[in-house]
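Asker: My structure is below; once you've seen it, I'll send some questions.
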Amino acid sequence: MIEGGTSGLGFSQLTLSVSGSVSLLCQRCLTPCTFDIASESILILAKDDAHADEIEAMQDDDTIDVIVGSKALDLVALIEDEALLAMPLSAKHEVCPDVAALDALNGVKKSSPFDVLKRLS
Ligand SMILES: [Zn+2]
């Protein structure tokens with residue numbers, strides 16, 4: 001989602017928010033793992049490179065990016081970048097839900113039926 005607006009210093013700015021769920025493979029148990037991502041960033045649009053430098057010098061907020069509007073604005077690419085940044089570098093469940101169950105299943109398959117019966121009794 002993109003919202004246009006004006007920054008406190010009077011420059012044109014875009015607020016870029018990305019949110020949603022992505023499905024990635026967990027690096028530990030290799031089952032799909034859903035992540036919620038939510039990210040918001042503010043871009044100030046500058047007329048040209050000199051203007052961009054000027055704006056950067058004027059505002060001391062590192063979380064705000066200044067981009068040159070005329071190189072503009074591949075918004076799809078901006079959103080993709082934003083989404084990629086919001087994604088975890090290495091996808092892992094906090095607690096892998098299926099590993100214990102899978103181990104148990106594998107264990108049962110390897111065992112003879114008698115062993116399983118013994119274990120159950
Ligand atoms: Zn996992």
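Chain labels run A, B, ... following the order of the structure tokens; each chain numbers its residues from 1, and ligands are numbered from 1 in the order shown.
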Please provide as a PyMOL selection string all residues within 9 Å of Leu16 in chain A, with the sequence filter that same-chain residues fewer than 2 positions apart are discarded (counting only C-alpha atoms).
Answerer: chain A and resi 1-4+14+18+39-43+78-79+82
Asker: Produce a table with one row for each residue of chain A that has an atom at most 8 Å from any atom of ligand 1, each row naming the nearest atom pair and its distance in Å at one decimal; use only C-alpha atoms and all ligand atoms; arrange rows by chain and rising residue number; format as JSON lines.
Answerer:
{"residue": "A:Leu25", "atom": "CA", "partner": "ligand 1", "partner_atom_place_in_ligand_line": "1 (Zn)", "distance": 7.8}
{"residue": "A:Cys26", "atom": "CA", "partner": "ligand 1", "partner_atom_place_in_ligand_line": "1 (Zn)", "distance": 4.5}
{"residue": "A:Gln27", "atom": "CA", "partner": "ligand 1", "partner_atom_place_in_ligand_line": "1 (Zn)", "distance": 6.5}
{"residue": "A:Arg28", "atom": "CA", "partner": "ligand 1", "partner_atom_place_in_ligand_line": "1 (Zn)", "distance": 5.0}
{"residue": "A:Cys29", "atom": "CA", "partner": "ligand 1", "partner_atom_place_in_ligand_line": "1 (Zn)", "distance": 4.2}
{"residue": "A:Leu30", "atom": "CA", "partner": "ligand 1", "partner_atom_place_in_ligand_line": "1 (Zn)", "distance": 6.2}
{"residue": "A:Thr31", "atom": "CA", "partner": "ligand 1", "partner_atom_place_in_ligand_line": "1 (Zn)", "distance": 6.0}
{"residue": "A:Pro32", "atom": "CA", "partner": "ligand 1", "partner_atom_place_in_ligand_line": "1 (Zn)", "distance": 7.5}
{"residue": "A:Cys33", "atom": "CA", "partner": "ligand 1", "partner_atom_place_in_ligand_line": "1 (Zn)", "distance": 6.7}
{"residue": "A:Lys92", "atom": "CA", "partner": "ligand 1", "partner_atom_place_in_ligand_line": "1 (Zn)", "distance": 5.3}
{"residue": "A:His93", "atom": "CA", "partner": "ligand 1", "partner_atom_place_in_ligand_line": "1 (Zn)", "distance": 4.3}
{"residue": "A:Glu94", "atom": "CA", "partner": "ligand 1", "partner_atom_place_in_ligand_line": "1 (Zn)", "distance": 7.3}
{"residue": "A:Val95", "atom": "CA", "partner": "ligand 1", "partner_atom_place_in_ligand_line": "1 (Zn)", "distance": 6.6}
{"residue": "A:Cys96", "atom": "CA", "partner": "ligand 1", "partner_atom_place_in_ligand_line": "1 (Zn)", "distance": 3.8}
{"residue": "A:Pro97", "atom": "CA", "partner": "ligand 1", "partner_atom_place_in_ligand_line": "1 (Zn)", "distance": 6.6}
{"residue": "A:Asp98", "atom": "CA", "partner": "ligand 1", "partner_atom_place_in_ligand_line": "1 (Zn)", "distance": 7.3}
{"residue": "A:Val99", "atom": "CA", "partner": "ligand 1", "partner_atom_place_in_ligand_line": "1 (Zn)", "distance": 7.3}
Asker: Nearest residue to Phe35 in chain A out of A:Gln13, A:Lys47, A:Ile64, A:Gly20, using only C-alpha atoms?
Answerer: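 Among the listed residues, the smallest separation from Phe35 in chain A belongs to A:Gly20.
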Asker: Would you give me, as a count of residues only, the residues in range 34-108 of chain A that DSSP reads as strand (DSSP E)?
Answerer: 18
Asker: Choose the residue, out of A:Ala50, A:Leu89, A:Ala83, A:Ile44, that has the smallest atom-to-atom separation from Ser19 in chain A; count only C-alpha atoms.
Answerer: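 Result for the nearest residue to Ser19 in chain A: A:Ala83.
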Asker: From the options A:Gly10, A:Asp53, A:Gly69, A:Ser23, which residue's atoms come nearest to Pro88 in chain A, counting only C-alpha atoms?
Answerer: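 Smallest distance to Pro88 in chain A is found for A:Ser23.
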Asker: Between A:Thr34, A:Thr63, A:Ser17, A:Thr6, which residue has the minimum interatomic distance to Ala86 in chain A, considering only C-alpha atoms?
Answerer: A:Ser17
